[in-house]
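Structure first, then comments.
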Amino acid sequence: MGYIVSKFGGWANADSGRVKIAADLFEMKPDRKIKVNSAIGKIKDLPKVTDLLSDGAEATIKKGVFPEDLIEKIRLNHYYVFEPLGISKKKIDEVINILYDYIKMKKELSDDHFRALMMGAGEELFSRLDTVYLKEIRGFNAKYVDPRDIGHYLMGHPLDGKVTKEAEENLKKLLDIEGIIVYPGFFAIDKKNRPMIYSRGGTDKTAADVSVAIGASVYENWKEVDGVYSADPRVVKNPVLMEEVTYKEIRELTYISFNVLHQEAMLPVMNAGIPINLRNLTNLEHKGTFIVNERKINLDRPVIGIAHIENVCFINIEKCLMNEEIGFANNLLKIFEEHRISIDQITTGIDSMCLIVSEKEFKEKTVHSGVSEQIRREIEPEEFMRWLKENLDADLVQIRKKKGLICVVGEGMRHTIGLLSRISVALSKNGVNIEIIDQGPSERNIIIGVDLEDDKQLAKKVVNIIYNEFF
Ligand code: ASP
């Protein structure tokens with residue numbers, strides 16, 4: 001039986017009451033060993049600490065000074081959370097002062113390493129003060145462990161680090177430390193000791209990598225909801241909560257729209273077979289949702305979740321004898337790669353292909369390439385279609401906008417005959433025209449595309465129709 005790794009995100013850490021409940025959890029279960037913390041999240045009209053630090057880093061890079069009013073806001077965030085817990089302003093100021101030392105390091109670092117240093121500091125500030133609270137106010141044997149000291153090495157872009165083999169080895173040393181370990185998420189270093197961070201929301205990743213390294217029994221992620229619902233509660237009234245869901249099912253749902261966990265956080269724990277338990281910090285009685293490798297399938301309920309996205313477009317490409325042209329698909333995909341446009345789905349016919357792409361992919365966006373971060377300019381879709389047609393020597397390239405995608409997911413779907421017909425009958429009874437339909441080869445998901453031009457709400461309606469059919 002390994003230990004439990006418990007992760008507390010920005011929401012959990014933005015309120016003294018919640019920080020207290022998090023501490024209570026360690027009293028309740030002694031196998032909770034590692035507390036992985038995000039920086040303080042959104043508090044009333046104050047911006048998030050990481051955003052303040054990011055703005056400050058940009059100002060320092062551009063104008064040479066970290067604006068004092070941003071530090072004051074960061075200070076207020078920490079006063080708000082820690083003063084009611086019995087930590088003095090003096091102690092909080094002492095910890096906040098770390099920022100001044102970091103700002104001075106601007107001279108020694110590249111811009112991106114400096115950004116990483118400053119942005120990751122929110123996790124450090126919170127975790128240091130949390131340790132003071134756990135030790136001095138609550139009397140726990142708690143210890144702050146710094147990722148830099150343990151050798152939590154990341155590689156790649158300083159703002160989008162990936163864990164290294166050495167880090168996995170070094171993190172095992174956490175098991176030798178007695179008592180509760182308070183471990184800040186998101187930031188780390190590279191092998192040259194330069195500051196690094198995971199991508200935004202990366203505390204989920206830290207907790208995942210720590211869980212894998214120490215062979216945790218469970219990776220708990222404490223949130224503001226009871227777990228994962230079968231459909232978005234803003235779309236379907238009182239949807240069923242999932243008690244158990246497989247990583248692969250969640251992956252299909254998050255790909256479309258479910259916001260459960262940092263996408264990259266799931267893969268390592270899935271490979272290691274460690275269950276993730278999503279739980280509600282304000283409803284401790286509730287067991288939450290377990291994300292697992294395998295679950296018992298209830299054939300009466302083949303579908304586990306329904307997700308949707310709006311504002312996608314279908315790009316139709318037609319070319320006579322396309323199927324005989326070796327490399328056609330490769331050339332097509334290469335053009336998308338070069339333009340940094342991510343493709344959600346592909347459906348094919350003998351002489352045609354349809355690529356499903358989110359409309360936002362054409363907008364200006366930040367891309368990490370090699371060692372630097374760049375802004376990719378807005379791409380004009382019609383011009384891009386002309387470019388595609390010319391380069392592929394295609395007969396037709398046409399973009400159709402304002403589409404919606406609905407994704408129906410469930411491991412039980414594979415074992416259920418007639419599932420597709422239940423979906424299509426339910427939709428046709430309600431007068432919904434299906435523009436495309438695609439079943440993934442895993443038979444774990446079915447994607448339906450509809451037109452939102454005349455009815456902006458149609459994707460949401462389809463989610464409700466399918467939900468009522470299966471739940
Ligand atoms: N504080 C970081 C962010 O806002 C990391 C995290 O919260 O997971 O992205």
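Ligands are numbered from 1 in the order shown, chains are lettered A, B, ... in the order of the structure tokens, and residues start at 1 in each chain.
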
May I ask you to write as a PyMOL selection string all residues lying at most 9 Å from ligand 1, with only C-alpha atoms and all ligand atoms counted? chain A and resi 8-11+37-41+48-51+119-123+185-187+197-206+262

Expected file contents, prior selection, N, CA, C and O atoms, as a short mmCIF file (atom, residue, chain, number, x, y, z; two decimals), in the first residue's frame:
data_model
loop_
_atom_site.label_atom_id
_atom_site.label_comp_id
_atom_site.auth_asym_id
_atom_site.auth_seq_id
_atom_site.Cartn_x
_atom_site.Cartn_y
_atom_site.Cartn_z
N PHE A 8 -4.01 20.26 -4.26
CA PHE A 8 -4.94 21.34 -3.98
C PHE A 8 -4.66 22.48 -4.97
O PHE A 8 -3.56 23.03 -5.00
N GLY A 9 -5.64 22.80 -5.76
CA GLY A 9 -5.46 23.80 -6.82
C GLY A 9 -5.71 25.22 -6.32
O GLY A 9 -5.93 25.47 -5.12
N GLY A 10 -5.70 26.15 -7.26
CA GLY A 10 -5.84 27.57 -6.94
C GLY A 10 -7.13 27.88 -6.19
O GLY A 10 -7.14 28.70 -5.25
N TRP A 11 -8.23 27.24 -6.55
CA TRP A 11 -9.51 27.48 -5.87
C TRP A 11 -9.42 27.03 -4.42
O TRP A 11 -9.81 27.74 -3.50
N ASN A 37 0.67 21.71 -3.80
CA ASN A 37 -0.11 22.95 -3.83
C ASN A 37 0.07 23.77 -5.09
O ASN A 37 1.19 23.93 -5.59
N SER A 38 -1.03 24.37 -5.53
CA SER A 38 -0.97 25.44 -6.54
C SER A 38 -0.77 26.76 -5.80
O SER A 38 -0.85 26.81 -4.57
N ALA A 39 -0.61 27.82 -6.57
CA ALA A 39 -0.61 29.18 -6.00
C ALA A 39 -2.06 29.55 -5.66
O ALA A 39 -3.00 28.86 -6.09
N ILE A 40 -2.22 30.63 -4.94
CA ILE A 40 -3.58 31.09 -4.60
C ILE A 40 -4.32 31.47 -5.90
O ILE A 40 -3.77 32.19 -6.74
N GLY A 41 -5.53 30.98 -6.04
CA GLY A 41 -6.32 31.28 -7.24
C GLY A 41 -7.10 32.58 -7.07
O GLY A 41 -6.68 33.48 -6.35
N LYS A 48 -5.56 36.42 -10.11
CA LYS A 48 -4.86 35.23 -9.63
C LYS A 48 -3.38 35.54 -9.41
O LYS A 48 -2.78 36.28 -10.20
N VAL A 49 -2.79 34.93 -8.41
CA VAL A 49 -1.38 35.21 -8.10
C VAL A 49 -0.48 34.91 -9.32
O VAL A 49 0.39 35.71 -9.67
N THR A 50 -0.69 33.77 -9.98
CA THR A 50 0.18 33.44 -11.12
C THR A 50 0.05 34.49 -12.23
O THR A 50 1.04 34.84 -12.88
N ASP A 51 -1.16 35.01 -12.43
CA ASP A 51 -1.34 36.03 -13.47
C ASP A 51 -0.61 37.33 -13.07
O ASP A 51 -0.01 37.99 -13.92
N MET A 119 6.83 33.16 -12.47
CA MET A 119 5.49 32.55 -12.50
C MET A 119 5.35 31.40 -11.51
O MET A 119 4.30 31.19 -10.92
N GLY A 120 6.44 30.68 -11.31
CA GLY A 120 6.39 29.54 -10.38
C GLY A 120 6.45 29.96 -8.93
O GLY A 120 6.18 29.16 -8.02
N ALA A 121 6.78 31.23 -8.69
CA ALA A 121 6.98 31.67 -7.30
C ALA A 121 5.68 31.63 -6.48
O ALA A 121 5.72 31.50 -5.26
N GLY A 122 4.53 31.72 -7.13
CA GLY A 122 3.26 31.69 -6.40
C GLY A 122 3.07 30.39 -5.65
O GLY A 122 2.56 30.35 -4.52
N GLU A 123 3.51 29.29 -6.25
CA GLU A 123 3.39 27.98 -5.61
C GLU A 123 4.31 27.93 -4.40
O GLU A 123 3.96 27.38 -3.36
N GLY A 185 3.65 22.85 -6.51
CA GLY A 185 3.49 22.35 -7.87
C GLY A 185 4.05 23.32 -8.89
O GLY A 185 4.60 24.37 -8.55
N PHE A 186 3.94 22.97 -10.15
CA PHE A 186 4.13 23.86 -11.30
C PHE A 186 5.60 24.17 -11.63
O PHE A 186 6.00 24.12 -12.76
N PHE A 187 6.44 24.51 -10.63
CA PHE A 187 7.79 24.93 -10.99
C PHE A 187 8.81 23.85 -10.65
O PHE A 187 8.58 22.97 -9.83
N ILE A 197 9.08 25.76 -15.65
CA ILE A 197 7.73 25.44 -15.17
C ILE A 197 7.10 24.45 -16.15
O ILE A 197 7.51 24.34 -17.30
N TYR A 198 6.10 23.75 -15.66
CA TYR A 198 5.24 22.98 -16.56
C TYR A 198 4.35 24.02 -17.26
O TYR A 198 4.35 25.20 -16.90
N SER A 199 3.52 23.60 -18.20
CA SER A 199 2.63 24.58 -18.82
C SER A 199 1.57 25.01 -17.80
O SER A 199 1.45 24.39 -16.73
N ARG A 200 0.79 26.05 -18.13
CA ARG A 200 -0.20 26.58 -17.18
C ARG A 200 -1.11 25.46 -16.67
O ARG A 200 -1.45 24.54 -17.41
N GLY A 201 -1.49 25.56 -15.43
CA GLY A 201 -2.30 24.51 -14.80
C GLY A 201 -1.44 23.30 -14.43
O GLY A 201 -1.95 22.22 -14.13
N GLY A 202 -0.13 23.50 -14.40
CA GLY A 202 0.80 22.38 -14.31
C GLY A 202 0.92 21.71 -12.95
O GLY A 202 1.63 20.71 -12.83
N THR A 203 0.26 22.24 -11.92
CA THR A 203 0.35 21.55 -10.62
C THR A 203 -0.25 20.15 -10.70
O THR A 203 0.21 19.23 -10.03
N ASP A 204 -1.24 19.99 -11.55
CA ASP A 204 -1.78 18.64 -11.82
C ASP A 204 -0.67 17.71 -12.30
O ASP A 204 -0.62 16.54 -11.96
N LYS A 205 0.23 18.27 -13.12
CA LYS A 205 1.33 17.48 -13.67
C LYS A 205 2.34 17.14 -12.59
O LYS A 205 2.80 16.02 -12.51
N THR A 206 2.67 18.16 -11.76
CA THR A 206 3.62 17.89 -10.66
C THR A 206 3.08 16.73 -9.82
O THR A 206 3.79 15.77 -9.54
N HIS A 262 -5.42 18.62 -16.11
CA HIS A 262 -4.45 18.94 -17.16
C HIS A 262 -4.29 17.70 -18.04
O HIS A 262 -4.05 16.59 -17.53
#

Where in region 401-435 of chain A does DSSP assign alpha helix (DSSP H), given as a PyMOL selection string? chain A and resi 419-429

Generate the output file for the selected residues, C-alpha atoms, as a PDB file, in the first residue's frame.
ATOM      1  CA  LEU A 419     -26.485   1.867 -30.161  1.00  0.00           C
ATOM      2  CA  LEU A 420     -25.988   3.963 -33.267  1.00  0.00           C
ATOM      3  CA  SER A 421     -29.569   3.356 -34.334  1.00  0.00           C
ATOM      4  CA  ARG A 422     -30.832   4.478 -30.911  1.00  0.00           C
ATOM      5  CA  ILE A 423     -28.917   7.724 -31.354  1.00  0.00           C
ATOM      6  CA  SER A 424     -30.085   8.322 -34.909  1.00  0.00           C
ATOM      7  CA  VAL A 425     -33.719   7.432 -34.184  1.00  0.00           C
ATOM      8  CA  ALA A 426     -33.761   9.743 -31.163  1.00  0.00           C
ATOM      9  CA  LEU A 427     -32.286  12.562 -33.239  1.00  0.00           C
ATOM     10  CA  SER A 428     -34.536  12.032 -36.253  1.00  0.00           C
ATOM     11  CA  LYS A 429     -37.624  11.978 -34.011  1.00  0.00           C
TER      12      LYS A 429
END

Tell me which of A:Ile34, A:Met118, A:Ile437, A:Leu154 sits closest to Thr60 (chain A), counting only C-alpha atoms.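 Of all the options, A:Met118 lies closest to Thr60 (chain A).
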
For the interface of region 269-387 of chain A with region 208-227 of chain A (cut-off 6 Å, counting only C-alpha atoms), please tabulate each contacting residue of region 269-387 of chain A alongside its nearest pair of atoms and their separation in Å to one decimal, rows sorted by chain and increasing number, as CSV.
residue,atom,partner,partner_atom,distance
A:Ile274,CA,A:Val218,CA,5.9
A:Pro275,CA,A:Val218,CA,5.3
A:Ile276,CA,A:Tyr219,CA,4.7
A:Asn277,CA,A:Glu220,CA,4.7
A:Leu278,CA,A:Asn221,CA,4.9
A:Arg279,CA,A:Trp222,CA,4.9
A:Asn280,CA,A:Asp226,CA,4.8
A:Leu281,CA,A:Trp222,CA,5.6
A:Gly288,CA,A:Gly227,CA,4.8
A:Thr289,CA,A:Gly227,CA,4.8

If we count only C-alpha atoms and set the cut-off at 6 Å, which residues sit around Phe314 (chain A), ignoring sequence neighbours fewer than 5 positions away in its own chain? Please answer as a list of chain:residue names.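 Here the answer would be A:Leu355, A:Ile356, A:Ile399, A:Arg400.
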
Selection to disk with N, CA, C and O atoms, as a PDB file, in the first residue's frame:
ATOM      1  N   LEU A 355     -11.903  17.443 -42.672  1.00  0.00           N
ATOM      2  CA  LEU A 355     -11.143  17.702 -41.453  1.00  0.00           C
ATOM      3  C   LEU A 355     -11.987  18.593 -40.557  1.00  0.00           C
ATOM      4  O   LEU A 355     -12.568  19.575 -41.022  1.00  0.00           O
ATOM      5  N   ILE A 356     -12.045  18.220 -39.304  1.00  0.00           N
ATOM      6  CA  ILE A 356     -12.838  19.013 -38.369  1.00  0.00           C
ATOM      7  C   ILE A 356     -11.874  19.788 -37.485  1.00  0.00           C
ATOM      8  O   ILE A 356     -11.007  19.205 -36.828  1.00  0.00           O
ATOM      9  N   ILE A 399     -14.611  25.412 -46.873  1.00  0.00           N
ATOM     10  CA  ILE A 399     -14.743  25.466 -45.417  1.00  0.00           C
ATOM     11  C   ILE A 399     -16.199  25.777 -45.065  1.00  0.00           C
ATOM     12  O   ILE A 399     -16.812  26.655 -45.672  1.00  0.00           O
ATOM     13  N   ARG A 400     -16.724  25.010 -44.124  1.00  0.00           N
ATOM     14  CA  ARG A 400     -18.093  25.276 -43.663  1.00  0.00           C
ATOM     15  C   ARG A 400     -18.024  25.541 -42.166  1.00  0.00           C
ATOM     16  O   ARG A 400     -17.607  24.681 -41.393  1.00  0.00           O
TER      17      ARG A 400
END

Nearest to Pro302 (chain A): which of A:Leu52, A:Met413, A:Leu159, A:Leu117 is it, counting only C-alpha atoms?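 Going through A:Leu52, A:Met413, A:Leu159, A:Leu117 one by one, the smallest distance to Pro302 (chain A) is for A:Met413.
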
Can you pull out the residues contacting region 337-347 of chain A? Cut-off 9 Å, using only C-alpha atoms, and skip same-chain residues under 6 positions away; I want them as an MDAnalysis selection string. chainID A and resid 255:256 353:358 361:362 367 376 379 436:438 447

For Met105 (chain A), please output as a list in words all residues within 12 Å (counting only C-alpha atoms; exclusion window: fewer than 2 positions along the same chain). Ala57, Thr60, Ile61, Gly64, Phe66, Ile98, Leu99, Tyr100, Asp101, Tyr102, Ile103, Lys107, Glu108, Leu109, Ser110, Asp111, His113, Phe114, Arg115, Ala116, Leu117, Met118, Arg194 and Pro195 of chain A

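Minimum atom-to-atom distance to Val409 (chain A), evaluated using only C-alpha atoms, belongs to A:Val245 out of A:Ile309, A:Leu261, A:Leu299, A:Val245.
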
CA of Leu333 (chain A) to CA of Asn271 (chain A), distance in Å rounded to a single decimal: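 Taking CA of Leu333 (chain A) as the start and CA of Asn271 (chain A) as the end point, the length is 28.6 Å.
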
Skip region 251-254 of chain A itself and residues of its chain fewer than 4 positions away, then list as a PyMOL selection string all residues within 9 Å of it, counting only C-alpha atoms. chain A and resi 246-247+258-261+263+266+305-308+407-409+444-445

Only all heavy atoms, please: the residues just picked out, written as a compact mmCIF listing (two decimals), in the first residue's frame.
# COMPACT_ATOMS: atom_id res chain seq x y z
N THR A 246 -13.00 5.32 -16.96
CA THR A 246 -11.63 4.95 -17.33
C THR A 246 -10.88 6.17 -17.88
O THR A 246 -11.49 7.14 -18.34
CB THR A 246 -11.59 3.82 -18.39
OG1 THR A 246 -12.10 4.33 -19.61
CG2 THR A 246 -12.38 2.60 -17.94
N TYR A 247 -9.56 6.07 -17.81
CA TYR A 247 -8.72 7.15 -18.35
C TYR A 247 -9.08 7.42 -19.80
O TYR A 247 -9.14 8.55 -20.26
CB TYR A 247 -7.25 6.75 -18.29
CG TYR A 247 -6.69 6.75 -16.91
CD1 TYR A 247 -6.48 5.57 -16.22
CD2 TYR A 247 -6.37 7.95 -16.29
CE1 TYR A 247 -5.96 5.57 -14.93
CE2 TYR A 247 -5.86 7.96 -15.01
CZ TYR A 247 -5.66 6.77 -14.34
OH TYR A 247 -5.16 6.79 -13.08
N PHE A 258 -14.71 18.47 -21.79
CA PHE A 258 -14.72 18.31 -20.34
C PHE A 258 -13.42 18.86 -19.75
O PHE A 258 -12.34 18.57 -20.24
CB PHE A 258 -14.87 16.84 -19.95
CG PHE A 258 -16.29 16.37 -19.90
CD1 PHE A 258 -17.23 16.81 -20.83
CD2 PHE A 258 -16.71 15.49 -18.92
CE1 PHE A 258 -18.53 16.36 -20.79
CE2 PHE A 258 -18.02 15.03 -18.86
CZ PHE A 258 -18.93 15.47 -19.80
N ASN A 259 -13.58 19.64 -18.69
CA ASN A 259 -12.40 20.22 -18.08
C ASN A 259 -12.15 19.50 -16.76
O ASN A 259 -12.68 19.88 -15.74
CB ASN A 259 -12.66 21.72 -17.88
CG ASN A 259 -11.49 22.40 -17.27
OD1 ASN A 259 -10.41 21.82 -17.17
ND2 ASN A 259 -11.69 23.63 -16.83
N VAL A 260 -11.39 18.43 -16.81
CA VAL A 260 -11.24 17.61 -15.62
C VAL A 260 -9.86 17.79 -14.99
O VAL A 260 -9.73 18.12 -13.83
CB VAL A 260 -11.47 16.11 -15.95
CG1 VAL A 260 -11.24 15.24 -14.74
CG2 VAL A 260 -12.89 15.91 -16.47
N LEU A 261 -8.85 17.65 -15.77
CA LEU A 261 -7.48 17.65 -15.28
C LEU A 261 -6.59 18.08 -16.43
O LEU A 261 -6.97 17.92 -17.58
CB LEU A 261 -7.14 16.18 -14.93
CG LEU A 261 -6.22 15.89 -13.78
CD1 LEU A 261 -6.89 16.25 -12.46
CD2 LEU A 261 -5.93 14.38 -13.75
N GLN A 263 -4.45 17.89 -19.34
CA GLN A 263 -4.43 16.76 -20.28
C GLN A 263 -3.22 15.84 -20.10
O GLN A 263 -3.34 14.63 -20.14
CB GLN A 263 -4.42 17.27 -21.72
CG GLN A 263 -5.69 17.97 -22.13
CD GLN A 263 -6.63 17.02 -22.85
OE1 GLN A 263 -6.41 15.83 -22.92
NE2 GLN A 263 -7.71 17.55 -23.37
N MET A 266 -2.71 12.98 -17.03
CA MET A 266 -3.34 11.67 -16.92
C MET A 266 -2.46 10.52 -17.41
O MET A 266 -2.49 9.45 -16.84
CB MET A 266 -4.67 11.67 -17.64
CG MET A 266 -5.77 12.00 -16.66
SD MET A 266 -7.39 11.93 -17.33
CE MET A 266 -7.39 13.17 -18.53
N GLY A 305 -20.69 9.26 -20.78
CA GLY A 305 -20.65 10.72 -20.81
C GLY A 305 -20.93 11.28 -22.21
O GLY A 305 -20.71 10.59 -23.21
N ILE A 306 -21.43 12.51 -22.21
CA ILE A 306 -21.72 13.18 -23.49
C ILE A 306 -21.15 14.59 -23.41
O ILE A 306 -21.47 15.34 -22.49
CB ILE A 306 -23.24 13.26 -23.75
CG1 ILE A 306 -23.88 11.87 -23.58
CG2 ILE A 306 -23.54 13.83 -25.14
CD1 ILE A 306 -25.37 11.92 -23.36
N ALA A 307 -20.28 14.92 -24.36
CA ALA A 307 -19.67 16.25 -24.36
C ALA A 307 -20.00 16.95 -25.68
O ALA A 307 -20.40 16.30 -26.65
CB ALA A 307 -18.16 16.11 -24.22
N HIS A 308 -19.83 18.24 -25.71
CA HIS A 308 -20.03 18.93 -26.99
C HIS A 308 -19.11 20.14 -27.10
O HIS A 308 -18.65 20.67 -26.09
CB HIS A 308 -21.50 19.37 -27.16
CG HIS A 308 -21.81 20.66 -26.47
ND1 HIS A 308 -21.97 20.75 -25.12
CD2 HIS A 308 -21.95 21.92 -26.97
CE1 HIS A 308 -22.23 22.01 -24.79
NE2 HIS A 308 -22.22 22.74 -25.89
N CYS A 407 -19.97 14.45 -28.67
CA CYS A 407 -19.19 13.22 -28.52
C CYS A 407 -19.86 12.33 -27.46
O CYS A 407 -20.07 12.75 -26.33
CB CYS A 407 -17.78 13.62 -28.10
SG CYS A 407 -16.69 12.24 -27.95
N VAL A 408 -20.21 11.12 -27.87
CA VAL A 408 -20.87 10.18 -26.96
C VAL A 408 -19.83 9.12 -26.61
O VAL A 408 -19.24 8.52 -27.50
CB VAL A 408 -22.08 9.52 -27.66
CG1 VAL A 408 -22.86 8.67 -26.68
CG2 VAL A 408 -22.97 10.57 -28.30
N VAL A 409 -19.60 8.91 -25.31
CA VAL A 409 -18.48 8.07 -24.89
C VAL A 409 -18.93 6.99 -23.91
O VAL A 409 -19.79 7.23 -23.07
CB VAL A 409 -17.39 8.96 -24.22
CG1 VAL A 409 -16.27 8.12 -23.63
CG2 VAL A 409 -16.84 9.96 -25.20
N ARG A 444 -15.32 3.25 -28.62
CA ARG A 444 -15.56 3.85 -27.30
C ARG A 444 -16.24 5.21 -27.46
O ARG A 444 -16.71 5.79 -26.52
CB ARG A 444 -14.20 4.02 -26.62
CG ARG A 444 -14.24 4.26 -25.16
CD ARG A 444 -12.85 4.49 -24.61
NE ARG A 444 -12.05 3.29 -24.60
CZ ARG A 444 -10.91 3.14 -25.31
NH1 ARG A 444 -10.45 4.10 -26.08
NH2 ARG A 444 -10.24 2.02 -25.23
N ASN A 445 -16.23 5.72 -28.70
CA ASN A 445 -16.84 7.04 -28.89
C ASN A 445 -17.53 7.17 -30.25
O ASN A 445 -17.14 6.51 -31.21
CB ASN A 445 -15.77 8.14 -28.76
CG ASN A 445 -14.84 8.18 -29.95
OD1 ASN A 445 -14.55 7.15 -30.55
ND2 ASN A 445 -14.39 9.35 -30.31
